[in-house]
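> Here you go, one structure.
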Amino acid sequence: MSSNSIRQQFLDFFASKGHQIVPSAPIVVKNDPTLMFTNAGMNQFKDLFLGNEVPKYKRVADTQKCLRVSGKHNDLEEVGVDTYHHTMFEMLGNWSFGDYFKTEAIEWAWELFTQVYGLSPESLYVTVFEGDASENLAFDQDAKNEWKKWIAEDRILLGNKKDNFWEMGDTGPCGPCSEIHVDLRSDAERKAVDARTLVNNDHPQVIEIWNLVFMEFNRKSDGSLENLPAKHVDTGMGFERLCRAIEGKASNYDTDVFMLLIRLVEEKTGKAYGKEEKADIAMRVLADHIRTISFAILDGQLPSNNGAGYVIRRILRRAVRYYFTFLDRKEPLLFQMIPTLAEGFSGIFPEMKAKLAFIENVVREEELGFLRTLENGLNMIASEKSIHTKENVLSGAFAFKLYDECGFPIDLTNLILSEDGIRVDLPEFNRLLEAQKDRSRKATTQSSGDWIIVRPGDACEFVGYDTLETEVHITRMRSVKQKNKDLIQLVFDRTPFYAESGGQVGDTGFIQSANEKIHILDTQKENNLVIHIAEKFPENPEAAFVAHVDEIKRRDTTNNHSATHLMHAALRQVLGTHVEQKGSLVNPDHLRFDFSHFKGMSKEEVRQVERIVNEKIRENIQLDERRSVPIEEAKKMGAMALFGEKYGEEVRVITFDANFSRELCGGTHVPATGQIGMFKLSSESAVAAGVRRIEAITGSKAEAWMVETEETLQELKDLLKSKDLSKSVERLMNEKAELEKKLDLLESEKTQGLKQALKGKVIQQNGVSVLIERIDIPSVDQLKNLSFQLKNEIPNLFCVFGTVLGDKPFLSVIIDEDLVKEKGWNAGSSVKELAKEIKGGGGGQAFYATAGGTDISGLETALNKAKTLI
Ligand code: SER
């Protein structure tokens, strides 16, 4: 059975049990401060478990792309070293939202394993939660009773809270779980050691495959558990492990999921898999990491220097270092694996093939960038290791230098050193890192109290497309600490406030009841809750409030959002349809738009985009807004969708002229394009490999820019007393060049005159031509020129000049090379000695040296002293 049909059988099986098959959520999580990446199939259903959202389907199944590389669930260190952990894996799952519970979940798991997949019951073991007194949690007798219907009782093992109580994170939905483990050892090994002693003991051949979680509780931020409004089932099965069990392989990497990638690495590096341990680990690391990197980029997360982007960059660099050191490959390799990867996933995630060129380009550029500093960093480690290791600990300062200068993530430095049994002084490294401004950490830290429920009902209806003022009631509230500020979060039953999303900033404004007014500082989304940020708790939260959105800010923001759509369409017209949105920010002041394109835009292209957008503004195209369009229909209509965006089954379609711009979008838009007024592109630059960034202004901001520009021009015209600025400036520049030429000529004539006069002052003393003078000269360069000319023209010269440059005394000494050689004279030490008189210092070469000082009155003394040096 190949992996693709194994996946399909899972989905077909649960469809036959009344489950709706849904798509995987994007691997990159937006709108959840507690999570960077999807790390379990249930993430996208968190609000359904908590009761914040009403389920559309009570039974659902899917395959979910997951990453376990940060936070509570992090397997990175194991990956490649062992044969069954991955950074990215697919999690097959089936869910019941308040529908079936343990009976069906267990029966169907058993049926799928033994009847559909044909796994032998002799190889299976299950675990059940034994209870936990400290949390007042009971032994899961129900699960045990259910299993007893299917499997011999001696194969049902008890597990503690660590293994058999599943939690999403520090807070959130959780519950007891029951896992299915499979024993993949040979018969002889099975006889020798009882598998029951190996379950949950990190044995590479006795592994967990499926986790059935019975969600009953919500872990609150104070650590306590509360009952969820209903009981749910959340199952998660490791797809790659399942394939291995069914295909009877000794390692996940031997299945067709990974083998094609490993074969490709063999071909590219000329090394064979299975011959040498270090090279094998490297190949597994590559086959694993390229999946994470590619899916993250596909879903919109480019490698970067902070937050989720840094996690991806670290993984990519880890992979580069493995092929560099252990596969002896010094050129980019990862990007060459992407076509094979995309082909393998073309049945289930066809979007990767569609975005191949973009992903390849980003990965290749990242590899090139890191390869440039990698060798240098590795050499630094090698020499530092031999000199400065104390008791097998390397200083945190050195690790920080590597991080800062060579881009070595600390886990990479650790990994490299651990191969020699050395570790890094982590506390010191962390101290240094803390000291450096850490933008991402500051931006994401948030701690919150528990919700206080004010009134029942959690659905928050957004009415802000149609009105900016309406009556609302608070349904829940809590305190939070955000960027070191104490703030309050409020949720309403309905709201006209737009919550930040799709790049558009959140609305601000206020809510007012009969006796109080509360300012809304921002509006954010957390999962599906719309959260209004305020400075204080309402005194009377039960009261009816009237919500008012700041109208001007909203209008300016809206103008920029609609202009972004027009510009996106114009860019595709001018540059080509490979242009795709990679990021967007829309606020009242300006818009910023990142898009895929491989080179800078020419001046003409920029003008063309501006021209098209302004034409569309003047056409005053009416907004065609359609809400609740089935996603398939929207796609048929040709609406542009973004990768990595999670769309529901019904979407909103925004059209400005069916032949021009049609996008899936939840943002706010102008009723007709004329409202935008004017569009002005203010900058175009590069942000990452293959990604350009445009910034632009519209409406009143564009007008202000125009007025300011015009005023500056008028001021210049007035100053130059001219109507034709370019001509006048050109004339001025020509005149300046002429004058400079004349000035140079005059100066050199003057220097020539000076030179002749000085020649007349040379005195012969014991075969040395001595010239010691105070002179007037405008610059150090001219002084140097003059000195060198004199040295060339007068044999055996010893010459000291004193001068004043600006308001500072200055000395120079020049000595004929023969004198330097024969008499051992030295201009550097002479000038140092003389400089004492002008309270200064200097130096230079043996034949020419200079010194600056601070005391002009000492110049004469210095020159007199020079005479005594001979
Ligand atoms: N949430 C559970 C897990 O991730 C089961 O899906 O293991």
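To be explicit about the labels: the chains of the structure tokens are called A, B, and onward in the order shown, and within each one the residues are counted from 1, while ligands get numbers from 1 in the order they are shown.
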Kindly provide, as a list in words, all nucleotide and amino acid residues lying within 7 Å of ligand 1, counting only C-alpha atoms and all ligand atoms.
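Sorted by chain and then by number, the residues are Ala40, Gly41, Met42, Gly93, Trp166, Met168, Asn211, Leu212, Val213, Asp234, Thr235, Gly236 and Met237 of chain A.
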> Near segment 678-682 of chain A, counting only C-alpha atoms, which residues have an atom at most 7 Å away, once you skip same-chain residues fewer than 5 positions from it, shown as a short mmCIF file (atom, residue, chain, number, x, y, z; two decimals) with all heavy atoms, in the first residue's frame?

```
data_model
loop_
_atom_site.label_atom_id
_atom_site.label_comp_id
_atom_site.auth_asym_id
_atom_site.auth_seq_id
_atom_site.Cartn_x
_atom_site.Cartn_y
_atom_site.Cartn_z
N GLU A 610 0.95 53.44 -11.13
CA GLU A 610 0.27 54.63 -10.60
C GLU A 610 -0.83 55.10 -11.55
O GLU A 610 -1.93 55.42 -11.13
CB GLU A 610 1.27 55.76 -10.42
CG GLU A 610 2.03 55.68 -9.12
CD GLU A 610 3.01 56.84 -8.95
OE1 GLU A 610 3.27 57.57 -9.94
OE2 GLU A 610 3.50 57.00 -7.84
N VAL A 613 -3.90 52.74 -11.49
CA VAL A 613 -4.71 52.86 -10.26
C VAL A 613 -5.47 54.18 -10.26
O VAL A 613 -6.68 54.22 -9.97
CB VAL A 613 -3.80 52.73 -9.00
CG1 VAL A 613 -4.63 52.96 -7.74
CG2 VAL A 613 -3.14 51.37 -8.95
N ASN A 614 -4.80 55.27 -10.63
CA ASN A 614 -5.51 56.56 -10.63
C ASN A 614 -6.63 56.60 -11.67
O ASN A 614 -7.68 57.18 -11.42
CB ASN A 614 -4.51 57.70 -10.83
CG ASN A 614 -3.81 58.03 -9.52
OD1 ASN A 614 -4.46 58.14 -8.47
ND2 ASN A 614 -2.50 58.13 -9.54
N GLU A 695 5.34 50.82 -0.94
CA GLU A 695 4.59 51.62 0.00
C GLU A 695 3.90 52.72 -0.79
O GLU A 695 4.45 53.22 -1.77
CB GLU A 695 5.51 52.20 1.07
CG GLU A 695 5.95 51.09 2.00
CD GLU A 695 6.95 51.51 3.05
OE1 GLU A 695 8.06 51.91 2.66
OE2 GLU A 695 6.62 51.44 4.23
N ALA A 696 2.70 53.06 -0.38
CA ALA A 696 1.95 54.06 -1.14
C ALA A 696 1.01 54.82 -0.21
O ALA A 696 0.71 54.37 0.90
CB ALA A 696 1.15 53.37 -2.25
N ILE A 697 0.56 55.96 -0.68
CA ILE A 697 -0.39 56.77 0.08
C ILE A 697 -1.59 57.11 -0.80
O ILE A 697 -1.50 57.04 -2.03
CB ILE A 697 0.27 58.08 0.60
CG1 ILE A 697 1.07 58.75 -0.53
CG2 ILE A 697 1.15 57.81 1.78
CD1 ILE A 697 1.75 60.04 -0.12
N THR A 698 -2.70 57.45 -0.14
CA THR A 698 -3.91 57.77 -0.90
C THR A 698 -4.61 58.98 -0.27
O THR A 698 -4.20 59.46 0.78
CB THR A 698 -4.92 56.60 -0.88
OG1 THR A 698 -5.37 56.45 0.47
CG2 THR A 698 -4.32 55.31 -1.39
N GLY A 699 -5.69 59.38 -0.91
CA GLY A 699 -6.63 60.36 -0.34
C GLY A 699 -5.96 61.58 0.25
O GLY A 699 -5.08 62.20 -0.36
N ALA A 702 -2.17 61.63 0.29
CA ALA A 702 -1.55 61.90 -1.02
C ALA A 702 -1.67 63.39 -1.33
O ALA A 702 -0.76 64.00 -1.88
CB ALA A 702 -2.24 61.06 -2.10
#
```
> Near segment 495-501 of chain A, within 10 Å and counting only C-alpha atoms, which residues show up once chain neighbours fewer than 4 positions away are dropped, as a ChimeraX atom specification?
/A:30-31,460-474,491,505-510,520,522-526,529-532,546-550,554,584-587,665-668
> Could you go through segment 346-483 of chain A and tell me which residues DSSP, when run on the backbone, assigns to alpha helix (DSSP H), listing them as a PyMOL selection string?
chain A and resi 351-354+356-388+396-406+410-418+426-435+439-444
> Pick out each residue of segment 487-690 of chain A that DSSP on the backbone tags as strand (DSSP E or B); I need them as a CSV table (one decimal) with N, CA, C and O atoms, in the first residue's frame.

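Dumped everything to part_24.csv:
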```csv
chain,number,residue,atom,x,y,z
A,487,LEU,N,-3.9,46.1,30.5
A,487,LEU,CA,-5.0,46.5,29.6
A,487,LEU,C,-6.2,45.5,29.9
A,487,LEU,O,-6.0,44.5,30.6
A,488,ILE,N,-7.3,45.9,29.3
A,488,ILE,CA,-8.5,45.1,29.5
A,488,ILE,C,-9.0,44.6,28.1
A,488,ILE,O,-8.9,45.4,27.2
A,489,GLN,N,-9.4,43.4,28.1
A,489,GLN,CA,-10.0,42.9,26.8
A,489,GLN,C,-11.5,42.7,27.0
A,489,GLN,O,-12.0,42.2,28.0
A,490,LEU,N,-12.3,43.2,26.0
A,490,LEU,CA,-13.7,43.1,26.1
A,490,LEU,C,-14.3,42.4,24.9
A,490,LEU,O,-13.8,42.6,23.8
A,491,VAL,N,-15.2,41.6,25.1
A,491,VAL,CA,-15.9,40.9,23.9
A,491,VAL,C,-17.4,41.3,24.0
A,491,VAL,O,-18.0,41.4,25.0
A,492,PHE,N,-17.9,41.7,22.8
A,492,PHE,CA,-19.3,42.1,22.8
A,492,PHE,C,-20.2,41.1,22.1
A,492,PHE,O,-19.7,40.2,21.4
A,494,ARG,N,-22.2,41.9,19.6
A,494,ARG,CA,-22.1,42.3,18.2
A,494,ARG,C,-21.1,43.5,18.2
A,494,ARG,O,-20.9,44.2,19.2
A,495,THR,N,-20.5,43.8,17.1
A,495,THR,CA,-19.6,44.9,17.1
A,495,THR,C,-19.4,45.6,15.7
A,495,THR,O,-19.4,44.9,14.7
A,501,SER,N,-7.0,42.2,10.8
A,501,SER,CA,-6.8,40.9,10.0
A,501,SER,C,-6.6,41.3,8.6
A,501,SER,O,-7.0,42.4,8.1
A,504,GLN,N,-5.2,44.6,7.5
A,504,GLN,CA,-5.9,45.9,7.9
A,504,GLN,C,-5.8,46.1,9.4
A,504,GLN,O,-6.2,45.1,10.2
A,509,GLY,N,-12.0,53.7,18.8
A,509,GLY,CA,-13.2,54.5,19.0
A,509,GLY,C,-13.6,54.5,20.5
A,509,GLY,O,-12.7,54.4,21.4
A,510,PHE,N,-14.8,54.4,20.8
A,510,PHE,CA,-15.2,54.3,22.2
A,510,PHE,C,-16.6,53.6,22.3
A,510,PHE,O,-17.3,53.5,21.3
A,511,ILE,N,-16.9,53.2,23.5
A,511,ILE,CA,-18.3,52.7,23.8
A,511,ILE,C,-18.8,53.5,25.0
A,511,ILE,O,-18.1,53.9,25.8
A,512,GLN,N,-20.1,53.8,24.9
A,512,GLN,CA,-20.6,54.7,25.9
A,512,GLN,C,-22.0,54.2,26.5
A,512,GLN,O,-22.8,53.8,25.7
A,517,LYS,N,-17.9,56.2,29.7
A,517,LYS,CA,-17.4,56.2,28.3
A,517,LYS,C,-16.1,55.4,28.4
A,517,LYS,O,-15.2,55.7,29.2
A,518,ILE,N,-15.9,54.4,27.6
A,518,ILE,CA,-14.7,53.6,27.6
A,518,ILE,C,-14.0,53.7,26.2
A,518,ILE,O,-14.7,53.4,25.2
A,519,HIS,N,-12.8,54.1,26.2
A,519,HIS,CA,-12.1,54.2,24.9
A,519,HIS,C,-11.6,52.8,24.4
A,519,HIS,O,-11.2,52.0,25.2
A,520,ILE,N,-11.8,52.6,23.2
A,520,ILE,CA,-11.3,51.3,22.6
A,520,ILE,C,-10.0,51.7,21.8
A,520,ILE,O,-10.0,52.4,20.9
A,522,ASP,N,-7.8,49.5,20.5
A,522,ASP,CA,-7.5,48.6,19.3
A,522,ASP,C,-8.5,47.5,19.3
A,522,ASP,O,-9.2,47.2,20.3
A,523,THR,N,-8.6,46.8,18.2
A,523,THR,CA,-9.5,45.7,18.1
A,523,THR,C,-8.7,44.5,17.4
A,523,THR,O,-8.0,44.7,16.4
A,524,GLN,N,-8.6,43.4,18.1
A,524,GLN,CA,-7.8,42.3,17.7
A,524,GLN,C,-8.7,41.0,17.6
A,524,GLN,O,-9.7,40.9,18.2
A,525,LYS,N,-8.2,40.0,16.8
A,525,LYS,CA,-8.9,38.8,16.8
A,525,LYS,C,-8.0,37.7,17.6
A,525,LYS,O,-6.8,37.7,17.4
A,526,GLU,N,-8.7,36.9,18.4
A,526,GLU,CA,-8.0,35.8,19.0
A,526,GLU,C,-8.8,34.6,18.6
A,526,GLU,O,-9.9,34.4,19.1
A,529,LEU,N,-12.6,35.0,18.4
A,529,LEU,CA,-13.2,36.1,19.3
A,529,LEU,C,-12.7,37.4,18.8
A,529,LEU,O,-11.6,37.6,18.4
A,530,VAL,N,-13.6,38.4,18.8
A,530,VAL,CA,-13.2,39.8,18.4
A,530,VAL,C,-13.0,40.5,19.8
A,530,VAL,O,-13.9,40.5,20.6
A,531,ILE,N,-11.7,40.9,20.0
A,531,ILE,CA,-11.3,41.4,21.3
A,531,ILE,C,-11.1,42.9,21.2
A,531,ILE,O,-10.3,43.4,20.4
A,532,HIS,N,-11.8,43.7,22.0
A,532,HIS,CA,-11.7,45.1,22.1
A,532,HIS,C,-10.7,45.5,23.2
A,532,HIS,O,-11.0,45.0,24.4
A,533,ILE,N,-9.7,46.3,22.9
A,533,ILE,CA,-8.7,46.6,24.0
A,533,ILE,C,-9.1,47.9,24.6
A,533,ILE,O,-9.3,48.9,23.9
A,534,ALA,N,-9.2,47.9,26.0
A,534,ALA,CA,-9.6,49.1,26.7
A,534,ALA,C,-8.6,49.3,27.8
A,534,ALA,O,-7.8,48.4,28.1
A,545,PHE,N,-24.4,49.6,25.9
A,545,PHE,CA,-23.4,50.6,25.5
A,545,PHE,C,-23.7,50.9,24.0
A,545,PHE,O,-24.2,50.1,23.3
A,546,VAL,N,-23.4,52.1,23.6
A,546,VAL,CA,-23.4,52.4,22.2
A,546,VAL,C,-22.0,52.5,21.7
A,546,VAL,O,-21.1,53.2,22.3
A,547,ALA,N,-21.7,51.7,20.7
A,547,ALA,CA,-20.3,51.7,20.2
A,547,ALA,C,-20.1,52.7,19.1
A,547,ALA,O,-21.0,52.8,18.2
A,548,HIS,N,-19.0,53.4,19.1
A,548,HIS,CA,-18.7,54.4,18.1
A,548,HIS,C,-17.3,54.1,17.5
A,548,HIS,O,-16.3,54.1,18.2
A,549,VAL,N,-17.2,53.8,16.2
A,549,VAL,CA,-15.9,53.6,15.6
A,549,VAL,C,-15.4,55.0,15.1
A,549,VAL,O,-16.1,55.8,14.6
A,581,GLN,N,0.4,38.4,-3.6
A,581,GLN,CA,0.5,39.0,-2.3
A,581,GLN,C,1.3,38.2,-1.4
A,581,GLN,O,1.0,37.0,-1.2
A,582,LYS,N,2.4,38.7,-0.7
A,582,LYS,CA,3.1,38.0,0.2
A,582,LYS,C,3.0,38.6,1.6
A,582,LYS,O,3.5,38.1,2.6
A,583,GLY,N,2.4,39.7,1.7
A,583,GLY,CA,2.2,40.4,3.0
A,583,GLY,C,1.6,41.7,2.7
A,583,GLY,O,1.7,42.3,1.6
A,584,SER,N,0.8,42.2,3.7
A,584,SER,CA,0.2,43.5,3.5
A,584,SER,C,-0.1,44.2,4.8
A,584,SER,O,-0.4,43.5,5.8
A,585,LEU,N,0.0,45.5,4.8
A,585,LEU,CA,-0.3,46.3,5.9
A,585,LEU,C,-1.1,47.5,5.4
A,585,LEU,O,-0.8,48.2,4.5
A,586,VAL,N,-2.3,47.6,6.1
A,586,VAL,CA,-3.2,48.8,5.6
A,586,VAL,C,-3.5,49.5,6.9
A,586,VAL,O,-4.2,49.0,7.8
A,591,LEU,N,-0.2,52.4,2.9
A,591,LEU,CA,-0.4,51.0,2.6
A,591,LEU,C,1.0,50.4,2.3
A,591,LEU,O,1.8,51.1,1.7
A,592,ARG,N,1.2,49.2,2.7
A,592,ARG,CA,2.4,48.5,2.4
A,592,ARG,C,2.1,47.1,1.8
A,592,ARG,O,1.2,46.4,2.3
A,593,PHE,N,2.7,46.8,0.8
A,593,PHE,CA,2.3,45.6,0.1
A,593,PHE,C,3.6,44.8,-0.4
A,593,PHE,O,4.4,45.3,-1.1
A,594,ASP,N,3.7,43.5,0.1
A,594,ASP,CA,4.8,42.7,-0.3
A,594,ASP,C,4.3,41.7,-1.4
A,594,ASP,O,3.3,41.1,-1.2
A,595,PHE,N,5.1,41.5,-2.4
A,595,PHE,CA,4.6,40.6,-3.5
A,595,PHE,C,5.8,39.9,-4.1
A,595,PHE,O,6.9,40.4,-4.1
A,596,SER,N,5.4,38.7,-4.8
A,596,SER,CA,6.5,38.0,-5.4
A,596,SER,C,6.8,38.6,-6.7
A,596,SER,O,6.0,38.8,-7.6
A,622,GLN,N,-18.1,51.2,-8.9
A,622,GLN,CA,-18.9,50.8,-7.7
A,622,GLN,C,-18.4,49.5,-7.1
A,622,GLN,O,-18.0,48.6,-7.8
A,624,ASP,N,-18.6,45.9,-5.7
A,624,ASP,CA,-19.5,44.8,-5.8
A,624,ASP,C,-19.1,43.9,-4.6
A,624,ASP,O,-18.1,43.2,-4.7
A,625,GLU,N,-19.8,43.9,-3.5
A,625,GLU,CA,-19.5,43.1,-2.4
A,625,GLU,C,-20.4,42.0,-2.2
A,625,GLU,O,-21.6,42.2,-2.1
A,626,ARG,N,-19.9,40.7,-2.2
A,626,ARG,CA,-20.8,39.6,-2.0
A,626,ARG,C,-20.4,38.8,-0.8
A,626,ARG,O,-19.2,38.4,-0.7
A,627,ARG,N,-21.3,38.7,0.1
A,627,ARG,CA,-21.0,37.9,1.4
A,627,ARG,C,-21.5,36.5,1.2
A,627,ARG,O,-22.4,36.2,0.4
A,628,SER,N,-21.0,35.6,2.0
A,628,SER,CA,-21.4,34.2,2.1
A,628,SER,C,-21.5,33.5,0.7
A,628,SER,O,-22.5,32.9,0.3
A,629,VAL,N,-20.4,33.7,-0.1
A,629,VAL,CA,-20.3,33.0,-1.4
A,629,VAL,C,-19.6,31.7,-1.1
A,629,VAL,O,-18.6,31.7,-0.4
A,630,PRO,N,-20.2,30.5,-1.5
A,630,PRO,CA,-19.5,29.3,-1.3
A,630,PRO,C,-18.1,29.3,-1.9
A,630,PRO,O,-17.9,29.9,-3.0
A,640,MET,N,-9.1,36.1,-6.4
A,640,MET,CA,-7.8,35.7,-6.0
A,640,MET,C,-7.8,35.4,-4.5
A,640,MET,O,-8.3,36.1,-3.7
A,650,GLU,N,-17.7,29.5,3.3
A,650,GLU,CA,-18.3,30.6,2.7
A,650,GLU,C,-17.4,31.8,2.8
A,650,GLU,O,-16.8,32.0,3.9
A,651,VAL,N,-17.3,32.6,1.8
A,651,VAL,CA,-16.3,33.7,1.8
A,651,VAL,C,-16.9,34.9,1.3
A,651,VAL,O,-18.0,34.9,0.8
A,652,ARG,N,-16.2,36.0,1.5
A,652,ARG,CA,-16.7,37.3,1.0
A,652,ARG,C,-15.8,37.7,-0.2
A,652,ARG,O,-14.6,37.5,-0.2
A,653,VAL,N,-16.5,38.1,-1.3
A,653,VAL,CA,-15.8,38.4,-2.5
A,653,VAL,C,-15.9,39.9,-2.8
A,653,VAL,O,-17.0,40.5,-2.8
A,654,ILE,N,-14.8,40.6,-3.0
A,654,ILE,CA,-14.8,42.0,-3.2
A,654,ILE,C,-14.4,42.2,-4.7
A,654,ILE,O,-13.3,41.8,-5.1
A,655,THR,N,-15.2,42.9,-5.4
A,655,THR,CA,-14.9,43.1,-6.9
A,655,THR,C,-15.0,44.6,-7.2
A,655,THR,O,-15.9,45.3,-6.8
A,656,PHE,N,-13.9,45.1,-7.8
A,656,PHE,CA,-14.0,46.4,-8.4
A,656,PHE,C,-13.8,46.2,-9.9
A,656,PHE,O,-12.7,46.0,-10.4
A,661,SER,N,-10.4,43.7,-10.8
A,661,SER,CA,-10.0,43.2,-9.5
A,661,SER,C,-11.1,42.4,-8.8
A,661,SER,O,-12.2,43.0,-8.5
A,662,ARG,N,-10.8,41.2,-8.5
A,662,ARG,CA,-11.7,40.4,-7.7
A,662,ARG,C,-10.9,39.6,-6.7
A,662,ARG,O,-10.0,38.8,-7.1
A,663,GLU,N,-11.1,39.8,-5.4
A,663,GLU,CA,-10.4,39.1,-4.3
A,663,GLU,C,-11.3,38.6,-3.2
A,663,GLU,O,-12.3,39.2,-2.9
A,664,LEU,N,-10.8,37.5,-2.6
A,664,LEU,CA,-11.5,37.0,-1.4
A,664,LEU,C,-10.9,37.9,-0.3
A,664,LEU,O,-9.7,38.1,-0.2
A,672,ALA,N,-17.4,53.2,-3.6
A,672,ALA,CA,-17.0,53.4,-5.0
A,672,ALA,C,-15.6,54.0,-5.1
A,672,ALA,O,-15.2,54.7,-4.1
A,679,PHE,N,-3.9,58.2,-5.7
A,679,PHE,CA,-2.9,57.2,-5.3
A,679,PHE,C,-1.5,57.6,-5.7
A,679,PHE,O,-1.3,58.0,-6.8
A,680,LYS,N,-0.6,57.4,-4.7
A,680,LYS,CA,0.8,57.8,-5.0
A,680,LYS,C,1.7,56.8,-4.4
A,680,LYS,O,1.7,56.5,-3.2
A,681,LEU,N,2.5,56.2,-5.3
A,681,LEU,CA,3.5,55.2,-4.8
A,681,LEU,C,4.7,55.9,-4.2
A,681,LEU,O,5.2,56.8,-4.8
A,682,SER,N,5.0,55.6,-3.0
A,682,SER,CA,6.1,56.3,-2.3
A,682,SER,C,7.4,55.6,-2.3
A,682,SER,O,8.5,56.2,-2.2
A,683,SER,N,7.4,54.2,-2.3
A,683,SER,CA,8.7,53.5,-2.4
A,683,SER,C,8.6,52.1,-2.9
A,683,SER,O,7.5,51.5,-2.8
A,684,GLU,N,9.6,51.6,-3.5
A,684,GLU,CA,9.7,50.3,-4.0
A,684,GLU,C,11.0,49.7,-3.7
A,684,GLU,O,12.0,50.3,-3.9
A,685,SER,N,11.0,48.5,-2.9
A,685,SER,CA,12.3,48.0,-2.5
A,685,SER,C,12.3,46.5,-2.3
A,685,SER,O,11.2,45.9,-2.5
A,686,ALA,N,13.4,45.9,-2.0
A,686,ALA,CA,13.4,44.5,-1.8
A,686,ALA,C,13.3,44.1,-0.3
A,686,ALA,O,13.8,44.9,0.5
A,687,VAL,N,12.5,43.1,0.0
A,687,VAL,CA,12.5,42.7,1.4
A,687,VAL,C,13.1,41.3,1.6
A,687,VAL,O,13.6,41.0,2.7
A,688,ALA,N,13.0,40.4,0.7
A,688,ALA,CA,13.6,39.1,0.8
A,688,ALA,C,13.8,38.6,-0.6
A,688,ALA,O,13.5,39.2,-1.6
```
> Write out, as a Markdown table, each residue of segment 280-345 of chain A that has an atom at most 12 Å from segment 373-393 of chain A, together with the closest pair of atoms and their distance in Å to one decimal, counting only C-alpha atoms, rows going by chain and rising number.

```
| residue | atom | partner | partner_atom | distance |
| --- | --- | --- | --- | --- |
| A:Arg317 | CA | A:Leu374 | CA | 9.0 |
| A:Arg318 | CA | A:Leu374 | CA | 10.7 |
| A:Ala319 | CA | A:Leu374 | CA | 11.8 |
| A:Val320 | CA | A:Leu374 | CA | 8.7 |
| A:Arg321 | CA | A:Leu374 | CA | 7.4 |
| A:Tyr322 | CA | A:Leu374 | CA | 11.1 |
| A:Tyr323 | CA | A:Leu374 | CA | 11.5 |
| A:Phe324 | CA | A:Leu374 | CA | 8.6 |
| A:Thr325 | CA | A:Leu378 | CA | 9.4 |
| A:Asp328 | CA | A:Glu375 | CA | 11.9 |
| A:Arg329 | CA | A:Glu375 | CA | 11.7 |
| A:Lys330 | CA | A:Glu375 | CA | 9.2 |
| A:Glu331 | CA | A:Leu374 | CA | 11.5 |
```
> Rank A:Arg774, A:Arg607, A:Lys867, A:Arg263 by their smallest atom-to-atom distance to Ala287 of chain A, using only C-alpha atoms, and report the top residue only.
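Comparing A:Arg774, A:Arg607, A:Lys867, A:Arg263 against Ala287 of chain A, the winner is A:Arg263.
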> So which residues touch Asn826 of chain A within 8 Å, counting only C-alpha atoms, skipping near sequence neighbours fewer than 5 positions away, as an MDAnalysis selection string?
chainID A and resid 815 820 845:847
> Output all heavy atoms for every residue in the selection just made, as a compact mmCIF listing (two decimals), in the first residue's frame.

```
# COMPACT_ATOMS: atom_id res chain seq x y z
N ILE A 815 61.88 63.83 5.23
CA ILE A 815 63.34 63.61 5.23
C ILE A 815 63.70 62.77 4.02
O ILE A 815 63.02 61.77 3.74
CB ILE A 815 63.78 62.85 6.52
CG1 ILE A 815 63.25 63.55 7.78
CG2 ILE A 815 65.31 62.72 6.58
CD1 ILE A 815 63.55 62.82 9.07
N VAL A 820 67.45 59.00 5.79
CA VAL A 820 66.78 58.02 6.67
C VAL A 820 67.64 56.77 6.76
O VAL A 820 67.90 56.24 7.85
CB VAL A 820 65.38 57.67 6.12
CG1 VAL A 820 64.77 56.50 6.88
CG2 VAL A 820 64.46 58.89 6.18
N GLN A 845 55.40 57.79 8.58
CA GLN A 845 56.48 56.91 8.16
C GLN A 845 57.83 57.52 8.53
O GLN A 845 57.89 58.66 9.01
CB GLN A 845 56.38 56.69 6.66
CG GLN A 845 55.19 55.84 6.29
CD GLN A 845 54.66 56.24 4.94
OE1 GLN A 845 54.17 57.34 4.76
NE2 GLN A 845 54.76 55.33 3.99
N ALA A 846 58.90 56.79 8.21
CA ALA A 846 60.24 57.26 8.56
C ALA A 846 60.61 58.50 7.76
O ALA A 846 61.36 59.35 8.22
CB ALA A 846 61.26 56.16 8.32
N PHE A 847 60.07 58.62 6.54
CA PHE A 847 60.47 59.78 5.73
C PHE A 847 59.42 60.89 5.72
O PHE A 847 59.72 62.02 5.36
CB PHE A 847 60.82 59.35 4.30
CG PHE A 847 59.62 58.88 3.52
CD1 PHE A 847 58.96 59.78 2.69
CD2 PHE A 847 59.15 57.58 3.64
CE1 PHE A 847 57.84 59.37 1.99
CE2 PHE A 847 58.04 57.18 2.94
CZ PHE A 847 57.38 58.06 2.12
```
> Rounded to one decimal in Å, what is the spacing between atom CA of Asn218 of chain A and atom CA of Gly307 of chain A?
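Atom CA of Asn218 of chain A sits 26.9 Å away from atom CA of Gly307 of chain A.
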> Distance atom CA of Asp776 of chain A-atom CA of Glu738 of chain A, one decimal place?
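Atom CA of Glu738 of chain A lies 25.0 Å from atom CA of Asp776 of chain A.
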